[in-house]
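Take a look at the structure below.
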Amino acid sequence: MAQTNPQDKARSALGRYRLMAWITGSMLLLLCLEVVLHYVVGISKDRLGVFQYVPFAHGWIYVVYLAAVLDLWTKMRWTYGRLVAMVLAGVVPVMSFVLERRVHADAEAVLEPDTLAA
Amino acid sequence: MPPESPVPGPEPVWPAPTSFARAAVRPRMIALLLILLAAAGVCGRLGVWQLDRAKERGAQNARAVQAARESTTPVPLGAVLAPQTRFTAEMVGRRVAVAGAFDASGQLLVRDRTRDGRTGFLVLTPLRVQESASTGASTDAVLPVVRGWVPSADVGATVLAPPVGTVHVTGFLQASEAAGSIDDATAQTDAISSAQLVNRWGGPIYSGYLVVSRLVPAQSADVLVLQPPTVQGAGLNLQNLAYAAQWWIFGGFALFFWTRMVRDEADGVRGPRRAVDATADRVGAGAP
């Protein structure tokens, strides 16, 4: 699919956002688990193995997530309130999954007719 | 990225396309800029804070490494460093014990060295290392030993004289310095350089030197021992450094976001995206 018209660009931005929302959401759940294991259960960082790198990974994944959010949001011309919600969804556990469903449905509702027309 | 063309369809409400500059000075774009600049400023400040944390935690880690080194029991010099072999960074500050005999005739004073903020001289004496304290067999290898610090070169021969006979030295290893100049008349030098000292003392020589913390039999109390060398390259905590970078990227996003908004404003495309066949009832519905 050649990405020449705004509709197609928005659609691929929507795909990138969906991917990042899922990755960020999953990473955030792992982060919560890591925080509980380290600070509540009291397992030392060394004994957490790969888990000790979760906060580090989440930080960089969130950077990519934000880029995807800004890209989609500007293409879809949503309200500022939605932008704030999408930005927050990357740091509030489970929120990204819930919001992604709504965002995706809203975008589909607007994008679909044009795609069919094209 | 080329600016997007507006979605095809009638545009009765939204302003006509204009230039980037004209769009940028519209009140709502200025307001947005101020908000985003504030956000970018906060991000920048948080980045600086994380950078400070990175330094602090790097230094903390270095102190912990240092403390761990200082609390270890000394190991025989031979277990760490052999004569004429390369001195590596992780040897700096290692606690070692060695036995040997000082060669008083080779002793030098290293000028312009500070201890507790005062400038004076280091007393640098060649130690003929004995293979092991028990056999007393000499290896003939020379270890440069900094016995301590004196405030001036005129403290007297008795103060500067090293203990005679077999001595047992405990101290910290330090990396050799770049060659300096040795003044034969005063027996003073400005560098502790094994490469240079080997010409004067003969070899084989050790590629690092030892800073005395304890000497048996004792030397003059007027030769003040030095603090252990500090761990080099305290470095930055990588995690906090990454957080700092991330905050600055977020700040960059805020500024980039503004240019993107102005571009859309200039193109006259701000407003809710809508499907071609549903324009009329959606125009202006979600305008910011």
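The way I read the labels, and the way they are meant: chains A, B, ... in the order of the structure tokens, residue 1 as the first residue of every chain, and ligand 1 as the first ligand shown, with later ones counted on from there.
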Inset, instruction - Skip Leu36 in chain B itself and residues of its chain fewer than 4 positions away, then list as a list of chain:residue names all residues within 8 Å of it, counting only C-alpha atoms. - result: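 The filter keeps B:Leu32, B:Ala40, B:Ala254, B:Leu255, B:Trp258.
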Output for the residues just chosen: N, CA and C atoms as a compact mmCIF listing (two decimals), in the first residue's frame:
# COMPACT_ATOMS: atom_id res chain seq x y z
N LEU B 32 0.17 28.04 22.97
CA LEU B 32 0.65 26.65 22.95
C LEU B 32 2.18 26.61 23.11
N ALA B 40 8.99 21.88 28.18
CA ALA B 40 10.37 21.54 27.77
C ALA B 40 11.36 21.97 28.84
N ALA B 254 8.39 18.17 22.83
CA ALA B 254 7.48 19.30 23.07
C ALA B 254 7.71 20.39 22.02
N LEU B 255 8.99 20.67 21.75
CA LEU B 255 9.30 21.73 20.78
C LEU B 255 8.96 21.30 19.35
N TRP B 258 5.30 21.53 18.67
CA TRP B 258 4.80 22.87 18.38
C TRP B 258 4.95 23.19 16.89
Please run DSSP on the backbone and report, as a PDB file with N, CA and C atoms, in the first residue's frame, all residues within range 87-287 of chain B that come out as strand (DSSP E or B).
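Everything below was put into part.pdb:
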ATOM      1  N   ARG B  95      45.706  -3.374  47.523  1.00  0.00           N
ATOM      2  CA  ARG B  95      46.532  -3.461  48.736  1.00  0.00           C
ATOM      3  C   ARG B  95      47.472  -4.636  48.602  1.00  0.00           C
ATOM      4  N   VAL B  96      48.763  -4.380  48.713  1.00  0.00           N
ATOM      5  CA  VAL B  96      49.731  -5.470  48.596  1.00  0.00           C
ATOM      6  C   VAL B  96      50.747  -5.393  49.726  1.00  0.00           C
ATOM      7  N   ALA B  97      51.388  -6.536  49.976  1.00  0.00           N
ATOM      8  CA  ALA B  97      52.462  -6.618  50.961  1.00  0.00           C
ATOM      9  C   ALA B  97      53.692  -7.136  50.235  1.00  0.00           C
ATOM     10  N   VAL B  98      54.847  -6.600  50.606  1.00  0.00           N
ATOM     11  CA  VAL B  98      56.082  -7.023  49.944  1.00  0.00           C
ATOM     12  C   VAL B  98      57.236  -6.871  50.938  1.00  0.00           C
ATOM     13  N   ALA B  99      58.230  -7.738  50.792  1.00  0.00           N
ATOM     14  CA  ALA B  99      59.423  -7.639  51.640  1.00  0.00           C
ATOM     15  C   ALA B  99      60.621  -7.356  50.748  1.00  0.00           C
ATOM     16  N   GLY B 100      61.601  -6.663  51.307  1.00  0.00           N
ATOM     17  CA  GLY B 100      62.787  -6.348  50.522  1.00  0.00           C
ATOM     18  C   GLY B 100      63.721  -5.468  51.316  1.00  0.00           C
ATOM     19  N   ALA B 101      64.673  -4.868  50.601  1.00  0.00           N
ATOM     20  CA  ALA B 101      65.624  -3.976  51.272  1.00  0.00           C
ATOM     21  C   ALA B 101      65.689  -2.668  50.506  1.00  0.00           C
ATOM     22  N   PHE B 102      65.618  -1.563  51.245  1.00  0.00           N
ATOM     23  CA  PHE B 102      65.706  -0.257  50.590  1.00  0.00           C
ATOM     24  C   PHE B 102      67.137   0.023  50.169  1.00  0.00           C
ATOM     25  N   LEU B 108      65.215   9.404  45.903  1.00  0.00           N
ATOM     26  CA  LEU B 108      64.942  10.706  45.260  1.00  0.00           C
ATOM     27  C   LEU B 108      63.799  11.405  46.006  1.00  0.00           C
ATOM     28  N   LEU B 109      63.757  12.718  45.870  1.00  0.00           N
ATOM     29  CA  LEU B 109      62.612  13.474  46.372  1.00  0.00           C
ATOM     30  C   LEU B 109      61.799  13.944  45.160  1.00  0.00           C
ATOM     31  N   VAL B 110      60.502  13.716  45.225  1.00  0.00           N
ATOM     32  CA  VAL B 110      59.628  14.145  44.124  1.00  0.00           C
ATOM     33  C   VAL B 110      59.032  15.487  44.522  1.00  0.00           C
ATOM     34  N   ARG B 111      59.351  16.534  43.757  1.00  0.00           N
ATOM     35  CA  ARG B 111      58.948  17.877  44.182  1.00  0.00           C
ATOM     36  C   ARG B 111      57.516  18.228  43.762  1.00  0.00           C
ATOM     37  N   ASP B 112      57.015  19.283  44.401  1.00  0.00           N
ATOM     38  CA  ASP B 112      55.692  19.833  44.098  1.00  0.00           C
ATOM     39  C   ASP B 112      54.561  18.819  44.254  1.00  0.00           C
ATOM     40  N   ARG B 113      54.580  18.103  45.350  1.00  0.00           N
ATOM     41  CA  ARG B 113      53.483  17.162  45.611  1.00  0.00           C
ATOM     42  C   ARG B 113      52.720  17.625  46.851  1.00  0.00           C
ATOM     43  N   THR B 114      51.379  17.550  46.777  1.00  0.00           N
ATOM     44  CA  THR B 114      50.578  18.055  47.896  1.00  0.00           C
ATOM     45  C   THR B 114      50.087  16.916  48.780  1.00  0.00           C
ATOM     46  N   ARG B 115      49.957  17.241  50.036  1.00  0.00           N
ATOM     47  CA  ARG B 115      49.322  16.333  50.992  1.00  0.00           C
ATOM     48  C   ARG B 115      48.514  17.224  51.925  1.00  0.00           C
ATOM     49  N   ARG B 118      48.965  20.965  51.378  1.00  0.00           N
ATOM     50  CA  ARG B 118      50.285  21.596  51.479  1.00  0.00           C
ATOM     51  C   ARG B 118      51.223  20.990  50.445  1.00  0.00           C
ATOM     52  N   THR B 119      52.022  21.853  49.836  1.00  0.00           N
ATOM     53  CA  THR B 119      52.956  21.394  48.820  1.00  0.00           C
ATOM     54  C   THR B 119      54.286  21.025  49.468  1.00  0.00           C
ATOM     55  N   GLY B 120      54.809  19.885  49.092  1.00  0.00           N
ATOM     56  CA  GLY B 120      56.089  19.438  49.649  1.00  0.00           C
ATOM     57  C   GLY B 120      56.720  18.413  48.729  1.00  0.00           C
ATOM     58  N   PHE B 121      57.354  17.417  49.333  1.00  0.00           N
ATOM     59  CA  PHE B 121      58.080  16.417  48.549  1.00  0.00           C
ATOM     60  C   PHE B 121      57.642  15.012  48.940  1.00  0.00           C
ATOM     61  N   LEU B 122      57.645  14.118  47.946  1.00  0.00           N
ATOM     62  CA  LEU B 122      57.450  12.704  48.234  1.00  0.00           C
ATOM     63  C   LEU B 122      58.827  12.064  48.347  1.00  0.00           C
ATOM     64  N   VAL B 123      58.943  11.134  49.265  1.00  0.00           N
ATOM     65  CA  VAL B 123      60.210  10.409  49.416  1.00  0.00           C
ATOM     66  C   VAL B 123      60.103   9.114  48.623  1.00  0.00           C
ATOM     67  N   LEU B 124      60.887   9.028  47.559  1.00  0.00           N
ATOM     68  CA  LEU B 124      60.822   7.902  46.630  1.00  0.00           C
ATOM     69  C   LEU B 124      62.091   7.062  46.762  1.00  0.00           C
ATOM     70  N   THR B 125      61.915   5.822  47.221  1.00  0.00           N
ATOM     71  CA  THR B 125      63.078   4.979  47.497  1.00  0.00           C
ATOM     72  C   THR B 125      62.956   3.659  46.745  1.00  0.00           C
ATOM     73  N   PRO B 126      64.033   3.214  46.090  1.00  0.00           N
ATOM     74  CA  PRO B 126      63.973   1.905  45.426  1.00  0.00           C
ATOM     75  C   PRO B 126      64.010   0.775  46.448  1.00  0.00           C
ATOM     76  N   LEU B 127      63.122  -0.197  46.265  1.00  0.00           N
ATOM     77  CA  LEU B 127      63.112  -1.369  47.139  1.00  0.00           C
ATOM     78  C   LEU B 127      63.538  -2.581  46.309  1.00  0.00           C
ATOM     79  N   ARG B 128      64.629  -3.230  46.775  1.00  0.00           N
ATOM     80  CA  ARG B 128      65.036  -4.499  46.122  1.00  0.00           C
ATOM     81  C   ARG B 128      64.135  -5.584  46.682  1.00  0.00           C
ATOM     82  N   VAL B 129      63.245  -6.072  45.831  1.00  0.00           N
ATOM     83  CA  VAL B 129      62.209  -6.993  46.300  1.00  0.00           C
ATOM     84  C   VAL B 129      62.777  -8.387  46.532  1.00  0.00           C
ATOM     85  N   GLN B 130      62.408  -8.978  47.660  1.00  0.00           N
ATOM     86  CA  GLN B 130      62.788 -10.359  47.928  1.00  0.00           C
ATOM     87  C   GLN B 130      61.651 -11.272  47.501  1.00  0.00           C
ATOM     88  N   SER B 138      66.684 -12.827  46.823  1.00  0.00           N
ATOM     89  CA  SER B 138      66.436 -11.597  46.071  1.00  0.00           C
ATOM     90  C   SER B 138      66.117 -11.912  44.616  1.00  0.00           C
ATOM     91  N   THR B 139      65.154 -11.168  44.069  1.00  0.00           N
ATOM     92  CA  THR B 139      64.862 -11.317  42.652  1.00  0.00           C
ATOM     93  C   THR B 139      65.600 -10.253  41.860  1.00  0.00           C
ATOM     94  N   ASP B 140      66.226  -9.335  42.577  1.00  0.00           N
ATOM     95  CA  ASP B 140      66.911  -8.203  41.969  1.00  0.00           C
ATOM     96  C   ASP B 140      65.955  -7.201  41.336  1.00  0.00           C
ATOM     97  N   ALA B 141      64.670  -7.494  41.353  1.00  0.00           N
ATOM     98  CA  ALA B 141      63.717  -6.552  40.767  1.00  0.00           C
ATOM     99  C   ALA B 141      63.549  -5.350  41.688  1.00  0.00           C
ATOM    100  N   VAL B 142      63.369  -4.187  41.076  1.00  0.00           N
ATOM    101  CA  VAL B 142      63.258  -2.946  41.837  1.00  0.00           C
ATOM    102  C   VAL B 142      61.811  -2.465  41.821  1.00  0.00           C
ATOM    103  N   LEU B 143      61.309  -2.137  43.005  1.00  0.00           N
ATOM    104  CA  LEU B 143      59.970  -1.561  43.103  1.00  0.00           C
ATOM    105  C   LEU B 143      60.106  -0.117  43.597  1.00  0.00           C
ATOM    106  N   PRO B 144      59.641   0.864  42.816  1.00  0.00           N
ATOM    107  CA  PRO B 144      59.655   2.244  43.323  1.00  0.00           C
ATOM    108  C   PRO B 144      58.655   2.348  44.485  1.00  0.00           C
ATOM    109  N   VAL B 145      59.119   2.853  45.608  1.00  0.00           N
ATOM    110  CA  VAL B 145      58.261   2.941  46.786  1.00  0.00           C
ATOM    111  C   VAL B 145      58.197   4.391  47.259  1.00  0.00           C
ATOM    112  N   VAL B 146      56.967   4.908  47.345  1.00  0.00           N
ATOM    113  CA  VAL B 146      56.775   6.237  47.915  1.00  0.00           C
ATOM    114  C   VAL B 146      56.569   6.029  49.414  1.00  0.00           C
ATOM    115  N   ARG B 147      57.606   6.374  50.193  1.00  0.00           N
ATOM    116  CA  ARG B 147      57.526   6.107  51.633  1.00  0.00           C
ATOM    117  C   ARG B 147      56.641   7.116  52.343  1.00  0.00           C
ATOM    118  N   GLY B 148      56.493   8.305  51.768  1.00  0.00           N
ATOM    119  CA  GLY B 148      55.645   9.309  52.408  1.00  0.00           C
ATOM    120  C   GLY B 148      55.965  10.701  51.916  1.00  0.00           C
ATOM    121  N   TRP B 149      55.521  11.681  52.697  1.00  0.00           N
ATOM    122  CA  TRP B 149      55.602  13.081  52.296  1.00  0.00           C
ATOM    123  C   TRP B 149      56.352  13.876  53.362  1.00  0.00           C
ATOM    124  N   VAL B 150      57.207  14.782  52.898  1.00  0.00           N
ATOM    125  CA  VAL B 150      57.889  15.710  53.827  1.00  0.00           C
ATOM    126  C   VAL B 150      57.643  17.131  53.330  1.00  0.00           C
ATOM    127  N   THR B 166      66.174  -5.942  56.003  1.00  0.00           N
ATOM    128  CA  THR B 166      64.921  -6.426  55.415  1.00  0.00           C
ATOM    129  C   THR B 166      63.731  -5.687  56.031  1.00  0.00           C
ATOM    130  N   VAL B 167      62.892  -5.143  55.153  1.00  0.00           N
ATOM    131  CA  VAL B 167      61.703  -4.436  55.618  1.00  0.00           C
ATOM    132  C   VAL B 167      60.447  -5.109  55.051  1.00  0.00           C
ATOM    133  N   HIS B 168      59.376  -4.996  55.788  1.00  0.00           N
ATOM    134  CA  HIS B 168      58.087  -5.513  55.326  1.00  0.00           C
ATOM    135  C   HIS B 168      57.180  -4.320  55.075  1.00  0.00           C
ATOM    136  N   VAL B 169      56.767  -4.181  53.831  1.00  0.00           N
ATOM    137  CA  VAL B 169      56.006  -3.010  53.431  1.00  0.00           C
ATOM    138  C   VAL B 169      54.577  -3.413  53.057  1.00  0.00           C
ATOM    139  N   THR B 170      53.625  -2.652  53.575  1.00  0.00           N
ATOM    140  CA  THR B 170      52.239  -2.807  53.138  1.00  0.00           C
ATOM    141  C   THR B 170      51.820  -1.465  52.551  1.00  0.00           C
ATOM    142  N   GLY B 171      51.120  -1.525  51.433  1.00  0.00           N
ATOM    143  CA  GLY B 171      50.701  -0.261  50.830  1.00  0.00           C
ATOM    144  C   GLY B 171      49.796  -0.478  49.645  1.00  0.00           C
ATOM    145  N   PHE B 172      49.642   0.588  48.875  1.00  0.00           N
ATOM    146  CA  PHE B 172      48.720   0.577  47.742  1.00  0.00           C
ATOM    147  C   PHE B 172      49.484   0.766  46.439  1.00  0.00           C
ATOM    148  N   LEU B 173      49.098  -0.004  45.439  1.00  0.00           N
ATOM    149  CA  LEU B 173      49.746   0.138  44.133  1.00  0.00           C
ATOM    150  C   LEU B 173      49.217   1.376  43.416  1.00  0.00           C
ATOM    151  N   GLN B 174      50.090   1.974  42.650  1.00  0.00           N
ATOM    152  CA  GLN B 174      49.704   3.138  41.870  1.00  0.00           C
ATOM    153  C   GLN B 174      50.388   3.052  40.511  1.00  0.00           C
ATOM    154  N   ALA B 175      49.738   3.607  39.495  1.00  0.00           N
ATOM    155  CA  ALA B 175      50.275   3.544  38.136  1.00  0.00           C
ATOM    156  C   ALA B 175      51.436   4.510  37.980  1.00  0.00           C
ATOM    157  N   ILE B 182      65.046  14.430  36.095  1.00  0.00           N
ATOM    158  CA  ILE B 182      65.725  14.145  37.366  1.00  0.00           C
ATOM    159  C   ILE B 182      66.918  15.094  37.490  1.00  0.00           C
ATOM    160  N   ASP B 183      66.986  15.783  38.641  1.00  0.00           N
ATOM    161  CA  ASP B 183      68.110  16.684  38.895  1.00  0.00           C
ATOM    162  C   ASP B 183      69.123  15.934  39.768  1.00  0.00           C
ATOM    163  N   GLN B 188      66.542  15.276  43.066  1.00  0.00           N
ATOM    164  CA  GLN B 188      65.102  15.547  43.003  1.00  0.00           C
ATOM    165  C   GLN B 188      64.568  15.228  41.609  1.00  0.00           C
ATOM    166  N   THR B 189      63.288  14.880  41.558  1.00  0.00           N
ATOM    167  CA  THR B 189      62.637  14.599  40.280  1.00  0.00           C
ATOM    168  C   THR B 189      61.231  15.198  40.306  1.00  0.00           C
ATOM    169  N   ILE B 205      62.477  -3.781  36.621  1.00  0.00           N
ATOM    170  CA  ILE B 205      61.720  -2.860  37.472  1.00  0.00           C
ATOM    171  C   ILE B 205      60.227  -3.180  37.353  1.00  0.00           C
ATOM    172  N   GLY B 208      54.630  -0.297  38.083  1.00  0.00           N
ATOM    173  CA  GLY B 208      53.849   0.607  38.934  1.00  0.00           C
ATOM    174  C   GLY B 208      54.684   0.935  40.150  1.00  0.00           C
ATOM    175  N   TYR B 209      54.140   1.737  41.044  1.00  0.00           N
ATOM    176  CA  TYR B 209      54.874   1.983  42.284  1.00  0.00           C
ATOM    177  C   TYR B 209      53.982   1.743  43.490  1.00  0.00           C
ATOM    178  N   LEU B 210      54.616   1.653  44.647  1.00  0.00           N
ATOM    179  CA  LEU B 210      53.893   1.338  45.864  1.00  0.00           C
ATOM    180  C   LEU B 210      53.860   2.557  46.773  1.00  0.00           C
ATOM    181  N   VAL B 211      52.661   2.855  47.293  1.00  0.00           N
ATOM    182  CA  VAL B 211      52.524   3.936  48.263  1.00  0.00           C
ATOM    183  C   VAL B 211      52.402   3.294  49.640  1.00  0.00           C
ATOM    184  N   VAL B 212      53.358   3.591  50.510  1.00  0.00           N
ATOM    185  CA  VAL B 212      53.435   2.932  51.814  1.00  0.00           C
ATOM    186  C   VAL B 212      52.285   3.352  52.721  1.00  0.00           C
ATOM    187  N   SER B 213      51.649   2.359  53.352  1.00  0.00           N
ATOM    188  CA  SER B 213      50.748   2.707  54.451  1.00  0.00           C
ATOM    189  C   SER B 213      51.317   2.176  55.764  1.00  0.00           C
ATOM    190  N   ARG B 214      52.144   1.117  55.697  1.00  0.00           N
ATOM    191  CA  ARG B 214      52.742   0.585  56.923  1.00  0.00           C
ATOM    192  C   ARG B 214      54.107  -0.010  56.593  1.00  0.00           C
ATOM    193  N   LEU B 215      55.051   0.252  57.483  1.00  0.00           N
ATOM    194  CA  LEU B 215      56.425  -0.170  57.247  1.00  0.00           C
ATOM    195  C   LEU B 215      56.971  -0.792  58.531  1.00  0.00           C
ATOM    196  N   VAL B 216      57.547  -2.013  58.409  1.00  0.00           N
ATOM    197  CA  VAL B 216      58.162  -2.689  59.573  1.00  0.00           C
ATOM    198  C   VAL B 216      59.575  -3.116  59.186  1.00  0.00           C
ATOM    199  N   LEU B 224      55.463  11.553  56.500  1.00  0.00           N
ATOM    200  CA  LEU B 224      54.029  11.311  56.664  1.00  0.00           C
ATOM    201  C   LEU B 224      53.496  10.427  55.542  1.00  0.00           C
TER     202      LEU B 224
END
Legend entry - Between CA of Ala31 in chain B and CA of Ala245 in chain B, distance in Å (one decimal):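 Straight-line distance from CA of Ala31 in chain B to CA of Ala245 in chain B works out to 26.8 Å.
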Inset, instruction - Go through A:Thr79, A:Tyr17, A:Glu108, A:Val84 one by one, measure the shortest atom-to-atom distance of each to chain B using only C-alpha atoms, and give the residue with the smallest value. - result: A:Thr79
Inset, instruction - Return as a PyMOL selection string the residues belonging to chain A that are within 8 Å of chain B, counting only C-alpha atoms. - result: chain A and resi 6+56+59-60+63+67+70+74+76-80+110-114
Inset, instruction - May I have all residues of range 179-236 of chain B that DSSP, computed from the backbone, assigns to alpha helix (DSSP H), given as a PyMOL selection string? - result: chain B and resi 194-201
Inset, instruction - State, in Å with one decimal place, the distance from CA of Gly78 in chain B to CA of Ser194 in chain B. - result: 17.3 Å
